[in-house]
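Novice: This is the structure, below, for whatever I ask next.
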Amino acid sequence: MNIVMPLIILVVLKTALIKKVDIVSAFCEGARENLITAFELCPTLILLMTAIGMFTSSGASDGLSSLLEPLTSFLGFPSECTALMLVRPISGSGSLAVLENILSSNPADSFASRTACVMMGATETTLYTIAIYFAAVSVKPQIRVFISSFSADFAGLLFASIITKIYFG
């Protein structure tokens, strides 16, 4: 396995030599274009990080968790995972912090811990991904992008609990 990366590099170098491509110029051009893209994404990232910080710090996440607890309990969803359900679509690092909190306050083999881990693998940081991808191509996302993305997240969250019950029940 340690030979895979050197082989890939060798193939790239050999292909560049055969096609007579100036590797240094191509690399520098690609790096320059990516730096421009990263610079253009900064306002979107700053806005998104500020909104996420405000959502979690203001207690809105905790308040929504409390409001949704009767519904999630009815669906058989662990109440400990409600905060993760709310934070996961908007923040990867925030959801990791919530996951760490769930894992530190529940045994590793508990239903809540297992469901939280399945949720992390079954869902995406939807708002972050949409914001970055569409900002990178300078296109305004249409509502159907949000509907389909959140539908997929909802399915992942719902089935995380069901799958955990089936496999670890």
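Labels for the structure tokens follow display order: chains A, B, ..., residues from 1 in each chain, ligands from 1.
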Taking only C-alpha atoms into account, produce a table as a Markdown table in which each residue of segment 1-69 of chain A with an atom at most 10 Å from an atom of segment 92-114 of chain A appears once, together with its shortest atom pair and the distance in Å to one decimal, ordered by chain and rising number.
Specialist:
| residue | atom | partner | partner_atom | distance |
| --- | --- | --- | --- | --- |
| A:Ile52 | CA | A:Gly94 | CA | 8.1 |
| A:Gly53 | CA | A:Gly94 | CA | 8.7 |
| A:Thr56 | CA | A:Gly94 | CA | 8.3 |
Novice: Taking 4 positions as the minimum chain separation for residues in the same chain, which residues sit within 12 Å of Ala38 of chain A when counting only C-alpha atoms? Answer as a PyMOL selection string.
Specialist: chain A and resi 31-34+42-45+132-133+135-137
Novice: Give me, as a PyMOL selection string, the residues of segment 28-137 of chain A that a backbone DSSP run labels helix (DSSP H, G or I).
Specialist: chain A and resi 28-57+60-74+79-87+92-105+111-122+126-136
Novice: Interatomic distance between atom CA of Met85 of chain A and atom CA of Gly59 of chain A?
Specialist: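 Distance between the two atoms: 14.9 Å.
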Novice: Quick one: residues within 9 Å of Phe154 of chain A, only C-alpha atoms counted, chain neighbours fewer than 4 positions away excluded, as a tab-separated table (two decimals) with N, CA and C atoms, in the first residue's frame?
Specialist:
chain	number	residue	atom	x	y	z
A	85	MET	N	-29.11	16.22	15.35
A	85	MET	CA	-29.99	16.28	14.19
A	85	MET	C	-30.11	17.72	13.68
A	123	THR	N	-25.48	11.36	7.02
A	123	THR	CA	-25.93	12.71	6.66
A	123	THR	C	-24.75	13.56	6.22
A	149	SER	N	-31.85	18.09	-0.88
A	149	SER	CA	-30.77	17.87	0.08
A	149	SER	C	-31.30	17.62	1.48
A	150	PHE	N	-32.27	18.43	1.90
A	150	PHE	CA	-32.82	18.22	3.24
A	150	PHE	C	-33.68	16.97	3.32
A	158	LEU	N	-33.64	9.82	10.01
A	158	LEU	CA	-34.71	8.91	10.40
A	158	LEU	C	-34.24	7.46	10.36
A	159	PHE	N	-33.58	7.09	9.28
A	159	PHE	CA	-33.15	5.71	9.14
A	159	PHE	C	-31.97	5.37	10.03
Novice: Tell me, as a PDB file with N, CA, C and O atoms, in the first residue's frame, which residues lie within 9 Å of Ser61 of chain A, counting only C-alpha atoms; anything in the same chain fewer than 6 positions away does not count.
Specialist:
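In the end it all went to out.pdb:
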ATOM      1  N   PHE A  55     -26.346  30.499  15.866  1.00  0.00           N
ATOM      2  CA  PHE A  55     -27.380  29.482  16.070  1.00  0.00           C
ATOM      3  C   PHE A  55     -27.095  28.644  17.301  1.00  0.00           C
ATOM      4  O   PHE A  55     -27.974  28.405  18.128  1.00  0.00           O
ATOM      5  N   ALA A  83     -30.084  17.349  19.298  1.00  0.00           N
ATOM      6  CA  ALA A  83     -29.181  18.471  19.007  1.00  0.00           C
ATOM      7  C   ALA A  83     -28.305  18.157  17.802  1.00  0.00           C
ATOM      8  O   ALA A  83     -28.064  19.020  16.950  1.00  0.00           O
ATOM      9  N   LEU A  86     -30.120  18.687  14.583  1.00  0.00           N
ATOM     10  CA  LEU A  86     -30.264  20.085  14.189  1.00  0.00           C
ATOM     11  C   LEU A  86     -28.963  20.713  13.696  1.00  0.00           C
ATOM     12  O   LEU A  86     -28.967  21.522  12.771  1.00  0.00           O
ATOM     13  N   VAL A  87     -27.854  20.329  14.297  1.00  0.00           N
ATOM     14  CA  VAL A  87     -26.575  20.957  13.972  1.00  0.00           C
ATOM     15  C   VAL A  87     -25.903  20.311  12.756  1.00  0.00           C
ATOM     16  O   VAL A  87     -25.235  20.992  11.973  1.00  0.00           O
TER      17      VAL A  87
END
Novice: Between atom CA of Leu64 of chain A and atom CA of Ile166 of chain A, what is the spacing in Å?
Specialist: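 Taking atom CA of Ile166 of chain A and atom CA of Leu64 of chain A, their separation equals 27.7 Å.
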Novice: Name all residues at most 12 Å from Leu13 of chain A (count only C-alpha atoms; drop same-chain ones fewer than 4 positions away) and give them as a PyMOL selection string.
Specialist: chain A and resi 6-9+17-24+26-27
Novice: Could the residues in this selection be written to a file with all heavy atoms, as a CSV table (one decimal), in the first residue's frame?
Specialist:
chain,number,residue,atom,x,y,z
A,6,PRO,N,3.5,6.9,-4.6
A,6,PRO,CA,4.7,7.1,-5.6
A,6,PRO,C,4.3,6.6,-7.0
A,6,PRO,O,4.8,7.3,-8.0
A,6,PRO,CB,5.8,6.2,-4.9
A,6,PRO,CG,5.4,6.2,-3.5
A,6,PRO,CD,3.9,6.2,-3.4
A,7,LEU,N,3.6,5.6,-7.1
A,7,LEU,CA,3.2,5.2,-8.5
A,7,LEU,C,2.3,6.2,-9.2
A,7,LEU,O,2.5,6.4,-10.4
A,7,LEU,CB,2.4,3.8,-8.4
A,7,LEU,CG,3.3,2.6,-8.2
A,7,LEU,CD1,2.5,1.3,-8.1
A,7,LEU,CD2,4.3,2.4,-9.3
A,8,ILE,N,1.4,6.8,-8.4
A,8,ILE,CA,0.5,7.8,-9.0
A,8,ILE,C,1.4,9.0,-9.5
A,8,ILE,O,1.2,9.5,-10.6
A,8,ILE,CB,-0.6,8.3,-8.0
A,8,ILE,CG1,-1.6,7.1,-7.9
A,8,ILE,CG2,-1.3,9.5,-8.5
A,8,ILE,CD1,-2.6,7.4,-6.8
A,9,ILE,N,2.3,9.4,-8.6
A,9,ILE,CA,3.2,10.5,-9.0
A,9,ILE,C,4.0,10.2,-10.2
A,9,ILE,O,4.2,11.0,-11.1
A,9,ILE,CB,4.1,10.9,-7.8
A,9,ILE,CG1,3.2,11.5,-6.7
A,9,ILE,CG2,5.2,11.9,-8.2
A,9,ILE,CD1,3.9,11.7,-5.4
A,17,LEU,N,5.8,14.1,-19.3
A,17,LEU,CA,6.9,14.1,-20.2
A,17,LEU,C,6.6,13.6,-21.6
A,17,LEU,O,7.1,14.1,-22.6
A,17,LEU,CB,8.0,13.1,-19.6
A,17,LEU,CG,8.8,13.7,-18.3
A,17,LEU,CD1,9.6,12.6,-17.7
A,17,LEU,CD2,9.6,14.9,-18.7
A,18,ILE,N,5.7,12.6,-21.7
A,18,ILE,CA,5.3,12.1,-23.0
A,18,ILE,C,4.5,13.2,-23.7
A,18,ILE,O,4.8,13.4,-24.9
A,18,ILE,CB,4.4,10.8,-22.8
A,18,ILE,CG1,5.3,9.7,-22.3
A,18,ILE,CG2,3.7,10.4,-24.1
A,18,ILE,CD1,4.6,8.4,-21.9
A,19,LYS,N,3.6,13.9,-23.1
A,19,LYS,CA,2.8,14.9,-23.7
A,19,LYS,C,3.6,16.3,-23.8
A,19,LYS,O,3.0,17.2,-24.3
A,19,LYS,CB,1.5,15.1,-23.0
A,19,LYS,CG,0.6,13.9,-23.1
A,19,LYS,CD,-0.7,14.2,-22.5
A,19,LYS,CE,-1.7,13.0,-22.8
A,19,LYS,NZ,-3.1,13.3,-22.5
A,20,LYS,N,4.8,16.3,-23.3
A,20,LYS,CA,5.6,17.5,-23.3
A,20,LYS,C,4.9,18.7,-22.6
A,20,LYS,O,4.9,19.8,-23.2
A,20,LYS,CB,6.1,17.8,-24.7
A,20,LYS,CG,6.9,16.7,-25.3
A,20,LYS,CD,7.4,17.1,-26.7
A,20,LYS,CE,8.2,15.9,-27.1
A,20,LYS,NZ,8.4,15.8,-28.5
A,21,VAL,N,4.4,18.5,-21.4
A,21,VAL,CA,3.8,19.5,-20.6
A,21,VAL,C,4.8,20.0,-19.6
A,21,VAL,O,5.5,19.3,-19.0
A,21,VAL,CB,2.5,18.9,-19.9
A,21,VAL,CG1,1.9,19.9,-18.9
A,21,VAL,CG2,1.5,18.4,-20.8
A,22,ASP,N,4.8,21.4,-19.5
A,22,ASP,CA,5.6,22.0,-18.5
A,22,ASP,C,5.0,21.9,-17.1
A,22,ASP,O,4.0,22.6,-16.8
A,22,ASP,CB,5.9,23.5,-18.8
A,22,ASP,CG,6.8,24.2,-17.9
A,22,ASP,OD1,7.4,23.5,-17.0
A,22,ASP,OD2,6.9,25.4,-18.0
A,23,ILE,N,5.4,20.9,-16.3
A,23,ILE,CA,4.8,20.5,-15.1
A,23,ILE,C,4.8,21.7,-14.1
A,23,ILE,O,3.8,22.0,-13.5
A,23,ILE,CB,5.5,19.3,-14.5
A,23,ILE,CG1,5.4,18.1,-15.4
A,23,ILE,CG2,4.9,19.0,-13.1
A,23,ILE,CD1,6.3,17.0,-15.0
A,24,VAL,N,5.9,22.4,-14.0
A,24,VAL,CA,6.0,23.5,-13.0
A,24,VAL,C,5.0,24.6,-13.4
A,24,VAL,O,4.2,25.1,-12.5
A,24,VAL,CB,7.4,24.1,-13.0
A,24,VAL,CG1,7.5,25.3,-12.1
A,24,VAL,CG2,8.4,23.0,-12.5
A,26,ALA,N,2.2,24.3,-15.2
A,26,ALA,CA,0.8,23.8,-15.0
A,26,ALA,C,0.5,23.8,-13.5
A,26,ALA,O,-0.7,24.1,-13.1
A,26,ALA,CB,0.7,22.4,-15.6
A,27,PHE,N,1.4,23.4,-12.7
A,27,PHE,CA,1.2,23.3,-11.2
A,27,PHE,C,0.9,24.7,-10.7
A,27,PHE,O,0.0,25.0,-9.9
A,27,PHE,CB,2.4,22.7,-10.5
A,27,PHE,CG,2.2,22.7,-9.0
A,27,PHE,CD1,1.5,21.7,-8.4
A,27,PHE,CD2,2.8,23.6,-8.2
A,27,PHE,CE1,1.3,21.6,-7.0
A,27,PHE,CE2,2.6,23.6,-6.8
A,27,PHE,CZ,1.9,22.6,-6.2
